[in-house]
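**Student:** Here you go, this is structure35.tsv (TSV, C-alpha atoms and all ligand atoms).
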```tsv
chain	number	residue	atom	x	y	z
I	1	MET	CA	12.80	-46.12	69.18
I	2	GLU	CA	15.04	-48.25	71.43
I	3	ASN	CA	16.99	-49.85	68.62
I	4	LYS	CA	17.68	-46.70	66.66
I	5	LYS	CA	21.36	-45.83	66.56
I	6	ARG	CA	22.34	-42.79	68.55
I	7	VAL	CA	23.98	-39.86	66.81
I	8	LEU	CA	25.78	-37.04	68.56
I	9	SER	CA	27.20	-33.87	67.13
I	10	CYS	CA	27.95	-30.32	68.20
I	11	ILE	CA	28.46	-27.06	66.42
I	12	GLN	CA	30.43	-24.09	67.64
I	13	PRO	CA	28.52	-20.83	68.05
I	14	SER	CA	30.37	-18.69	65.56
I	15	GLY	CA	28.85	-15.43	64.44
I	16	MET	CA	27.62	-16.06	60.95
I	17	LEU	CA	27.29	-19.66	60.03
I	18	THR	CA	28.00	-20.16	56.35
I	19	LEU	CA	26.66	-22.17	53.47
I	20	GLY	CA	29.62	-24.44	54.25
I	21	ASN	CA	28.24	-25.16	57.73
I	22	TYR	CA	24.81	-25.73	56.24
I	23	LEU	CA	25.77	-28.13	53.47
I	24	GLY	CA	28.69	-29.71	55.33
I	25	ALA	CA	26.88	-30.35	58.60
I	26	LEU	CA	23.44	-28.96	59.34
I	27	LYS	CA	21.59	-30.30	56.31
I	28	ASN	CA	22.87	-33.76	57.22
I	29	TRP	CA	21.77	-33.30	60.80
I	30	LYS	CA	18.26	-32.72	59.59
I	31	SER	CA	18.21	-35.88	57.47
I	32	MET	CA	19.87	-37.93	60.22
I	33	SER	CA	17.24	-36.73	62.68
I	34	GLU	CA	14.63	-38.56	60.64
I	35	GLU	CA	16.45	-41.86	60.93
I	36	PHE	CA	18.40	-41.86	64.20
I	37	ASP	CA	18.11	-40.97	67.86
I	38	CYS	CA	19.89	-37.62	67.69
I	39	ILE	CA	21.56	-35.42	70.27
I	40	PHE	CA	22.83	-32.07	69.03
I	41	ALA	CA	24.46	-29.32	71.06
I	42	VAL	CA	25.87	-25.86	70.65
I	43	ALA	CA	29.51	-26.30	71.68
I	44	ASP	CA	29.82	-23.04	73.59
I	45	LEU	CA	32.54	-24.37	75.90
I	46	HIS	CA	34.73	-25.17	72.92
I	47	ALA	CA	34.34	-21.64	71.60
I	48	ILE	CA	36.28	-19.98	74.42
I	49	THR	CA	39.51	-21.66	73.37
I	50	VAL	CA	39.79	-18.48	71.31
I	51	ARG	CA	38.95	-15.13	72.89
I	52	GLN	CA	35.29	-14.06	72.69
I	53	VAL	CA	33.62	-10.70	73.30
I	54	PRO	CA	31.02	-11.58	75.99
I	55	LYS	CA	28.10	-9.68	74.47
I	56	ASP	CA	28.69	-11.04	70.96
I	57	PHE	CA	29.39	-14.53	72.26
I	58	ARG	CA	26.05	-14.58	74.07
I	59	GLN	CA	24.24	-13.48	70.95
I	60	HIS	CA	26.03	-16.10	68.83
I	61	ILE	CA	24.89	-18.82	71.23
I	62	TYR	CA	21.25	-17.76	70.87
I	63	ASP	CA	21.67	-17.41	67.09
I	64	THR	CA	23.21	-20.83	66.66
I	65	PHE	CA	20.58	-22.52	68.79
I	66	ALA	CA	17.82	-20.70	66.87
I	67	LEU	CA	19.40	-21.95	63.67
I	68	LEU	CA	19.17	-25.58	64.83
I	69	LEU	CA	15.43	-25.10	65.18
I	70	SER	CA	15.25	-23.16	61.91
I	71	ILE	CA	16.64	-26.03	59.84
I	72	GLY	CA	13.76	-28.12	61.11
I	73	LEU	CA	15.18	-30.07	64.04
I	74	ASN	CA	12.40	-30.96	66.41
I	75	PRO	CA	13.22	-30.46	70.10
I	76	GLU	CA	10.59	-33.02	71.12
I	77	GLU	CA	12.11	-35.77	69.01
I	78	ASN	CA	15.78	-34.86	69.34
I	79	ILE	CA	17.76	-33.60	72.30
I	80	LEU	CA	18.93	-30.06	71.56
I	81	PHE	CA	20.90	-28.15	74.17
I	82	LEU	CA	23.78	-25.88	75.11
I	83	GLN	CA	26.93	-27.76	76.09
I	84	SER	CA	27.70	-25.48	79.05
I	85	ASN	CA	24.26	-26.16	80.54
I	86	VAL	CA	25.21	-29.78	81.24
I	87	SER	CA	28.10	-29.72	83.72
I	88	GLN	CA	29.00	-33.36	83.17
I	89	HIS	CA	30.83	-32.34	79.97
I	90	THR	CA	33.54	-30.46	81.86
I	91	GLU	CA	33.67	-33.07	84.62
I	92	LEU	CA	34.20	-35.98	82.27
I	93	ALA	CA	36.68	-33.91	80.26
I	94	TRP	CA	38.87	-33.61	83.37
I	95	LEU	CA	38.65	-37.32	84.02
I	96	LEU	CA	39.54	-38.14	80.43
I	97	SER	CA	42.41	-35.69	80.41
I	98	CYS	CA	44.16	-37.95	82.90
I	99	TYR	CA	43.94	-40.76	80.36
I	100	THR	CA	45.19	-38.69	77.45
I	101	GLN	CA	48.85	-38.31	76.67
I	102	PHE	CA	50.63	-35.05	76.06
I	103	GLY	CA	52.25	-36.59	73.01
I	104	GLU	CA	49.02	-37.57	71.31
I	105	LEU	CA	47.47	-34.14	71.85
I	106	SER	CA	50.60	-32.55	70.42
I	107	ARG	CA	49.98	-34.38	67.16
I	108	MET	CA	46.52	-32.86	66.59
I	109	THR	CA	46.68	-30.85	63.38
I	110	GLN	CA	43.92	-28.47	64.50
I	111	PHE	CA	45.97	-27.60	67.60
I	112	LYS	CA	49.02	-26.95	65.46
I	113	ASP	CA	47.03	-24.79	63.02
I	114	LYS	CA	45.24	-22.82	65.70
I	115	SER	CA	48.40	-22.22	67.71
I	116	LEU	CA	49.94	-20.62	64.66
I	117	LYS	CA	46.82	-18.58	63.98
I	118	HIS	CA	46.43	-17.40	67.59
I	119	ALA	CA	50.10	-17.36	68.55
I	120	ASP	CA	49.46	-14.84	71.33
I	121	ASN	CA	46.99	-17.15	73.07
I	122	VAL	CA	48.07	-20.79	72.91
I	123	ASN	CA	46.11	-21.75	76.03
I	124	LEU	CA	45.67	-25.04	77.82
I	125	GLY	CA	42.03	-25.27	76.69
I	126	LEU	CA	43.08	-25.17	73.06
I	127	PHE	CA	45.48	-28.02	73.74
I	128	ALA	CA	42.91	-30.02	75.72
I	129	TYR	CA	40.09	-29.35	73.22
I	130	PRO	CA	39.97	-33.02	72.07
I	131	THR	CA	39.37	-34.31	75.60
I	132	LEU	CA	36.32	-32.06	75.93
I	133	MET	CA	35.09	-33.25	72.56
I	134	ALA	CA	35.67	-36.85	73.64
I	135	ALA	CA	33.57	-36.15	76.74
I	136	ASP	CA	30.76	-34.71	74.57
I	137	ILE	CA	30.63	-37.92	72.60
I	138	LEU	CA	31.30	-40.55	75.25
I	139	LEU	CA	28.81	-39.19	77.79
I	140	TYR	CA	25.93	-40.20	75.53
I	141	ASN	CA	27.19	-43.58	74.31
I	142	ALA	CA	26.93	-42.29	70.77
I	143	ASP	CA	27.10	-44.89	68.00
I	144	LEU	CA	27.71	-42.41	65.22
I	145	VAL	CA	29.31	-39.01	64.98
I	146	PRO	CA	28.93	-37.06	61.75
I	147	VAL	CA	32.23	-35.31	61.20
I	148	GLY	CA	33.91	-33.45	58.41
I	149	SER	CA	37.47	-34.25	57.43
I	150	ASP	CA	38.83	-31.57	59.79
I	151	GLN	CA	37.34	-33.37	62.82
I	152	LYS	CA	38.28	-36.95	61.91
I	153	GLN	CA	41.45	-36.88	63.92
I	154	HIS	CA	39.47	-35.76	66.99
I	155	LEU	CA	37.10	-38.67	66.60
I	156	GLU	CA	40.02	-41.05	66.33
I	157	ILE	CA	41.58	-39.76	69.54
I	158	THR	CA	38.15	-40.10	71.20
I	159	ARG	CA	38.15	-43.77	70.28
I	160	ASP	CA	41.72	-44.17	71.51
I	161	ILE	CA	40.92	-42.56	74.86
I	162	ALA	CA	37.75	-44.64	75.27
I	163	ALA	CA	39.54	-47.87	74.39
I	164	ARG	CA	42.35	-47.06	76.81
I	165	PHE	CA	39.89	-46.36	79.63
I	166	ASN	CA	37.90	-49.51	78.84
I	167	GLY	CA	41.15	-51.47	78.76
I	168	ILE	CA	41.81	-50.53	82.37
I	169	TYR	CA	38.30	-50.58	83.85
I	170	GLY	CA	36.16	-52.80	81.63
I	171	ASP	CA	33.38	-51.72	79.30
I	172	VAL	CA	32.45	-48.20	80.28
I	173	PHE	CA	32.37	-46.25	77.03
I	174	LYS	CA	30.94	-47.10	73.65
I	175	LEU	CA	33.43	-46.61	70.81
I	176	PRO	CA	31.83	-44.20	68.32
I	177	GLU	CA	32.04	-44.61	64.56
I	178	PRO	CA	32.44	-41.72	62.14
I	179	TYR	CA	29.44	-41.07	59.95
I	180	ILE	CA	30.01	-39.69	56.51
I	181	GLY	CA	26.82	-38.02	55.37
I	182	LYS	CA	25.18	-38.25	52.00
I	183	SER	CA	26.34	-34.90	50.75
I	184	GLY	CA	29.03	-34.13	53.33
I	185	ALA	CA	29.97	-31.38	50.93
I	186	ARG	CA	33.15	-29.51	51.56
I	187	VAL	CA	32.26	-26.04	50.39
I	188	MET	CA	35.15	-23.92	49.15
I	189	SER	CA	35.62	-20.16	48.97
I	190	LEU	CA	33.84	-18.53	46.03
I	191	GLN	CA	36.85	-16.27	45.51
I	192	ASP	CA	39.66	-18.76	46.04
I	193	PRO	CA	38.22	-22.24	45.52
I	194	THR	CA	41.39	-23.92	46.75
I	195	LYS	CA	40.53	-22.73	50.28
I	196	LYS	CA	37.65	-23.82	52.50
I	197	MET	CA	34.75	-21.34	52.67
I	198	SER	CA	35.22	-19.40	55.89
I	199	LYS	CA	33.41	-16.53	57.52
I	200	SER	CA	36.73	-15.15	58.67
I	201	ASP	CA	37.66	-14.47	55.05
I	202	ASP	CA	38.28	-10.73	54.58
I	203	ASN	CA	36.56	-10.82	51.21
I	204	VAL	CA	32.81	-11.00	51.93
I	205	ASN	CA	32.20	-12.27	48.40
I	206	ALA	CA	34.12	-15.43	49.30
I	207	TRP	CA	31.37	-16.80	51.51
I	208	VAL	CA	27.61	-17.01	51.75
I	209	ALA	CA	26.00	-16.74	55.17
I	210	ILE	CA	23.04	-18.99	55.92
I	211	LEU	CA	21.10	-15.82	56.70
I	212	ASP	CA	22.13	-13.81	53.60
I	213	ASP	CA	19.13	-12.49	51.66
I	214	GLU	CA	18.36	-13.64	48.17
I	215	ASP	CA	19.92	-10.65	46.35
I	216	THR	CA	23.15	-11.01	48.30
I	217	ILE	CA	23.34	-14.73	47.57
I	218	ILE	CA	22.81	-14.14	43.86
I	219	ARG	CA	25.36	-11.33	43.72
I	220	LYS	CA	28.02	-13.45	45.49
I	221	PHE	CA	27.53	-16.42	43.16
I	222	LYS	CA	27.64	-14.19	40.08
I	223	ARG	CA	31.08	-13.01	41.22
I	224	ALA	CA	32.34	-16.52	41.92
I	225	VAL	CA	35.72	-17.28	40.40
I	226	THR	CA	35.61	-19.82	37.53
I	227	ASP	CA	37.93	-20.48	34.59
I	228	SER	CA	38.15	-19.66	30.91
I	229	GLU	CA	37.15	-23.03	29.48
I	230	ALA	CA	33.43	-22.19	29.51
I	231	LYS	CA	32.40	-25.81	29.99
I	232	VAL	CA	30.42	-27.04	33.00
I	233	CYS	CA	32.19	-30.28	33.85
I	234	PHE	CA	33.89	-31.70	36.92
I	235	LYS	CA	37.58	-32.18	36.41
I	236	GLU	CA	40.96	-31.51	37.94
I	237	GLY	CA	42.14	-27.93	37.70
I	238	LYS	CA	38.59	-26.52	37.50
I	239	ASP	CA	38.40	-25.75	41.22
I	240	GLY	CA	35.84	-22.95	40.90
I	241	ILE	CA	33.44	-24.92	38.71
I	242	ASN	CA	33.98	-28.09	40.74
I	243	ASN	CA	32.97	-26.17	43.86
I	244	LEU	CA	29.83	-24.81	42.20
I	245	ILE	CA	28.95	-28.30	40.95
I	246	ASN	CA	29.41	-29.69	44.46
I	247	ILE	CA	27.23	-26.98	45.96
I	248	TYR	CA	24.52	-27.46	43.35
I	249	SER	CA	24.68	-31.22	43.82
I	250	ALA	CA	24.41	-30.95	47.63
I	251	VAL	CA	21.45	-28.58	47.43
I	252	THR	CA	19.48	-30.27	44.65
I	253	GLU	CA	20.66	-33.84	45.31
I	254	LYS	CA	21.41	-34.19	41.59
I	255	THR	CA	24.47	-36.21	40.60
I	256	VAL	CA	27.50	-34.67	38.94
I	257	ALA	CA	26.63	-36.45	35.68
I	258	GLU	CA	23.10	-35.07	35.75
I	259	ILE	CA	24.43	-31.57	36.33
I	260	GLU	CA	26.96	-31.82	33.50
I	261	LYS	CA	24.16	-32.92	31.21
I	262	GLU	CA	21.81	-30.15	32.35
I	263	PHE	CA	24.39	-27.48	31.46
I	264	GLU	CA	25.94	-29.17	28.44
I	265	ASN	CA	25.17	-26.36	26.05
I	266	LYS	CA	24.99	-23.53	28.53
I	267	GLY	CA	27.46	-20.93	29.68
I	268	TYR	CA	28.83	-20.16	33.13
I	269	GLY	CA	26.38	-17.26	33.54
I	270	ASP	CA	23.37	-19.57	33.35
I	271	PHE	CA	25.04	-22.12	35.58
I	272	LYS	CA	25.91	-19.57	38.26
I	273	THR	CA	22.34	-18.27	38.23
I	274	ALA	CA	20.96	-21.77	38.66
I	275	VAL	CA	23.32	-22.54	41.54
I	276	ALA	CA	22.55	-19.20	43.21
I	277	GLU	CA	18.80	-19.66	42.89
I	278	SER	CA	18.89	-23.21	44.24
I	279	VAL	CA	20.87	-22.01	47.25
I	280	ALA	CA	18.61	-19.00	47.81
I	281	ASP	CA	15.51	-21.23	47.62
I	282	ALA	CA	16.97	-23.76	50.06
I	283	LEU	CA	17.94	-21.10	52.58
I	284	LYS	CA	14.74	-19.08	52.37
I	285	PRO	CA	12.70	-21.16	54.82
I	286	VAL	CA	15.69	-21.34	57.18
I	287	ARG	CA	15.95	-17.54	57.14
I	288	GLU	CA	12.24	-17.11	57.74
I	289	ASN	CA	12.16	-19.61	60.59
I	290	TYR	CA	15.19	-17.98	62.12
I	291	LYS	CA	13.47	-14.58	62.24
I	292	MET	CA	10.61	-16.15	64.13
I	293	PHE	CA	12.73	-18.14	66.62
I	294	ILE	CA	15.23	-15.39	67.41
I	295	SER	CA	12.45	-12.93	68.19
I	296	ASP	CA	11.40	-14.97	71.23
I	297	LYS	CA	14.36	-15.54	73.51
I	298	ALA	CA	12.20	-16.74	76.40
I	299	GLU	CA	10.91	-19.55	74.22
I	300	LEU	CA	14.44	-20.41	73.04
I	301	GLU	CA	15.51	-20.58	76.67
I	302	ARG	CA	12.62	-22.84	77.54
I	303	ILE	CA	13.58	-25.18	74.71
I	304	PHE	CA	17.28	-25.38	75.52
I	305	ARG	CA	16.65	-25.82	79.23
I	306	SER	CA	14.34	-28.69	78.58
I	307	GLY	CA	16.93	-30.19	76.21
I	308	ALA	CA	19.62	-29.85	78.89
I	309	GLU	CA	17.45	-31.72	81.39
I	310	LYS	CA	17.08	-34.64	79.01
I	311	ALA	CA	20.79	-34.60	78.16
I	312	GLU	CA	21.79	-34.46	81.81
I	313	ALA	CA	19.72	-37.51	82.68
I	314	ILE	CA	21.86	-39.54	80.28
I	315	ALA	CA	25.18	-37.81	81.00
I	316	ILE	CA	24.95	-38.21	84.76
I	317	LYS	CA	24.74	-41.99	84.48
I	318	THR	CA	27.80	-42.31	82.28
I	319	LEU	CA	29.83	-39.92	84.40
I	320	SER	CA	28.93	-41.73	87.63
I	321	LYS	CA	29.78	-45.08	86.17
I	322	ALA	CA	33.18	-43.88	84.95
I	323	MET	CA	34.00	-42.16	88.25
I	324	LYS	CA	33.04	-45.18	90.33
I	325	LYS	CA	35.26	-47.39	88.18
I	326	VAL	CA	38.20	-45.10	88.92
I	327	GLY	CA	37.45	-45.36	92.66
I	328	PHE	CA	35.64	-42.13	93.42
I	329	ILE	CA	32.91	-42.22	96.03
I	330	ARG	CA	29.60	-40.96	94.62
H	1	LIG	N1	35.00	-29.60	67.32
H	1	LIG	C1	33.83	-29.53	66.50
H	1	LIG	C2	33.99	-28.46	65.43
H	1	LIG	O1	34.68	-27.49	65.64
H	1	LIG	C3	32.60	-29.23	67.31
H	1	LIG	C4	32.35	-30.29	68.33
H	1	LIG	C5	32.49	-30.18	69.68
H	1	LIG	C6	31.91	-31.62	68.06
H	1	LIG	N2	32.14	-31.34	70.27
H	1	LIG	C7	31.79	-32.25	69.33
H	1	LIG	C8	31.59	-32.31	66.88
H	1	LIG	C9	31.36	-33.58	69.44
H	1	LIG	C10	31.18	-33.66	67.00
H	1	LIG	C11	31.06	-34.27	68.26
H	1	LIG	O2	33.41	-28.59	64.38
```
Take the structure in the file and give it back as structure tokens.
Ligand code: TRP
**Tutor:**
Amino acid sequence: MENKKRVLSCIQPSGMLTLGNYLGALKNWKSMSEEFDCIFAVADLHAITVRQVPKDFRQHIYDTFALLLSIGLNPEENILFLQSNVSQHTELAWLLSCYTQFGELSRMTQFKDKSLKHADNVNLGLFAYPTLMAADILLYNADLVPVGSDQKQHLEITRDIAARFNGIYGDVFKLPEPYIGKSGARVMSLQDPTKKMSKSDDNVNAWVAILDDEDTIIRKFKRAVTDSEAKVCFKEGKDGINNLINIYSAVTEKTVAEIEKEFENKGYGDFKTAVAESVADALKPVRENYKMFISDKAELERIFRSGAEKAEAIAIKTLSKAMKKVGFIR
């Protein structure tokens, strides 16, 4: 137990998590939990950098936490909690913000993208987002952080901030390494496979929700955009088929070569059905578990409170150490 590497990751509580969240992050979390000492949180504090409707927000937090349990994460073996339940995250974020330069935050591509998307609400939290994320990671001395390509820059700035702080005060923070998961699949839209699959897509056929029922999943895959070549192979220019191959590969753990062979003499119809069924089968237990967990909020609360207690015991030590180094009196 002691010499297992520590992994930390968080997921934002957005309404409907998609197949992209499942294959890109959650499925890896489950396999990492078997090998590492894992700490996973629902990043509710990060979510208010864009405006939330309180009632929906609350529900999304419960939903997302229930989903962590539904994919099979064990709250006895891993630490699972809500970020806002452990106050050290915001405290360390403030500290770190004084060791983070305006210029480096201005270069964050996610900040630039989101400021364009939410031009009417370019708030300080959105700008400071990476310092809160750095706090999430550094509080727990994480060795590894599984991140998709869109979060790589945030992990790099976390390392820069930690190294800068350590440079002044000595070894306080552990520098985390990025962890690229086995599948790490980047799932694209089923309707425009040059874009990432997103639940904010206006076309509901573009994305599959983790909680979609089997018929819906099959219908959405049948409508997926492909091409006119009618050959299941992975190559440039075949974005739709490439995406389906990636999804099928992530779900079944078959290699691209194996998949090409399997569908050598078959049409797109058969291939789409196979992909759809594999996805539906993989998500079925998640959906069933979710129904059970979400129906007992008191139990969910018990689990996340107990997770927060365990998280806090670690976080409090790191925060105190960092604050003492700066000169604060604890
Ligand atoms: N910013 C991440 C995302 O939107 C979520 C996140 C918050 C996170 N804190 C983190 C991920 C710490 C890894 C580690 O996907």
**Student:** Let me see if you get this right: every residue at most 7 Å from ligand LIG 1 (chain H), counting only C-alpha atoms and all ligand atoms, written as a PDB file with C-alpha atoms, in the frame of the given file.
**Tutor:**
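Produced file pocket_7.pdb, reproduced below:
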```
ATOM      1  CA  LEU I   8      25.780 -37.040  68.560  1.00  0.00           C
ATOM      2  CA  SER I   9      27.200 -33.870  67.130  1.00  0.00           C
ATOM      3  CA  CYS I  10      27.950 -30.320  68.200  1.00  0.00           C
ATOM      4  CA  ILE I  11      28.460 -27.060  66.420  1.00  0.00           C
ATOM      5  CA  GLN I  12      30.430 -24.090  67.640  1.00  0.00           C
ATOM      6  CA  ALA I  43      29.510 -26.300  71.680  1.00  0.00           C
ATOM      7  CA  HIS I  46      34.730 -25.170  72.920  1.00  0.00           C
ATOM      8  CA  MET I 133      35.090 -33.250  72.560  1.00  0.00           C
ATOM      9  CA  ALA I 134      35.670 -36.850  73.640  1.00  0.00           C
ATOM     10  CA  ASP I 136      30.760 -34.710  74.570  1.00  0.00           C
ATOM     11  CA  ILE I 137      30.630 -37.920  72.600  1.00  0.00           C
ATOM     12  CA  VAL I 145      29.310 -39.010  64.980  1.00  0.00           C
ATOM     13  CA  PRO I 146      28.930 -37.060  61.750  1.00  0.00           C
ATOM     14  CA  VAL I 147      32.230 -35.310  61.200  1.00  0.00           C
ATOM     15  CA  GLN I 151      37.340 -33.370  62.820  1.00  0.00           C
TER      16      GLN I 151
END
```
**Student:** Using all atoms listed in the file, can you tell me which of I:Gly15, I:Ser200, I:Ala315, I:Lys195 comes closest to Thr90 in chain I?
**Tutor:**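 Closest residue, counting all atoms listed in the file: I:Ala315.
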**Student:** Would you mind telling me which residue in I:Ser249, I:Thr194, I:Asn78, I:Ser189 lies nearest to Leu19 in chain I when using all atoms listed in the file?
**Tutor:**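 Of all the options, I:Ser189 lies closest to Leu19 in chain I.
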**Student:** Name all residues at most 10 Å from range 283-298 of chain I (count all atoms listed in the file; drop same-chain ones fewer than 2 positions away) and give them as an MDAnalysis selection string.
**Tutor:** chainID I and resid 19 22 59 62:72 209:214 217 251 277:281 300:303
**Student:** For a test of reading the model, state the distance in Å between CA of Met16 in chain I and CA of Leu144 in chain I, rounded to one decimal.
**Tutor:** 26.7 Å
**Student:** Name the closest residue to Thr318 in chain I among the candidates I:Ile180, I:Leu138, I:Leu17, I:Leu116; distances are taken between atoms, counting all atoms listed in the file.
**Tutor:**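 Checking each of I:Ile180, I:Leu138, I:Leu17, I:Leu116 against Thr318 in chain I, counting all atoms listed in the file, the winner is I:Leu138.
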**Student:** One decimal, in Å: what's the spacing between CA of Val256 in chain I and CA of Gly240 in chain I?
**Tutor:**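 Between these atoms lies a distance of 14.5 Å.
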**Student:** So how far away is CA of Ser14 in chain I from CA of Thr226 in chain I, in Å?
**Tutor:**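 Rounded to one decimal, the two atoms are 28.5 Å apart.
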**Student:** Using only C-alpha atoms - which residues lie no farther than 12 Å from the point (35.8, -46.6, 90.6) in the file's frame? Write them as a list in words.
**Tutor:**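 Using only C-alpha atoms, the matching residues come out as Leu95, Phe165, Ile168, Tyr169, Gly170, Val172, Leu319, Ser320, Lys321, Ala322, Met323, Lys324, Lys325, Val326, Gly327, Phe328, Ile329 and Arg330 of chain I.
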**Student:** Rank I:Val232, I:Ala282, I:Ala308, I:Leu139 by their smallest atom-to-atom distance to Glu262 in chain I, using only C-alpha atoms, and report the top residue only.
**Tutor:**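 With only C-alpha atoms as the atom set, the closest residue is I:Val232.
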**Student:** Could you work out an axis-aligned bounding box for all listed atoms of range 114-132 of chain I, with 5 Å added on each of the six sides, and give its centre and edge lengths in Å to one decimal, as lines of an AutoDock Vina configuration file?
**Tutor:**
```
center_x = 43.2
center_y = -24.6
center_z = 70.9
size_x = 23.8
size_y = 29.5
size_z = 23.8
```
**Student:** Counting all atoms listed in the file, write as a VMD selection string all protein and nucleic acid residues lying at most 10 Å from (27.0, -28.7, 45.0) in the file's frame.
**Tutor:** chain I and resid 23 183 185 to 187 241 to 256 259 275 278 to 279
**Student:** Nearest residue to Asn3 in chain I out of I:Leu92, I:Asp270, I:Lys30, I:Asp143, using all atoms listed in the file?
**Tutor:**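 Smallest separation from Asn3 in chain I among the options: I:Asp143.
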**Student:** With all atoms listed in the file as the basis for distance, which of I:Thr273, I:Ser106, I:Thr18, I:Ser33 is at the shortest distance from Pro130 in chain I?
**Tutor:**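 Closest candidate: I:Ser106.
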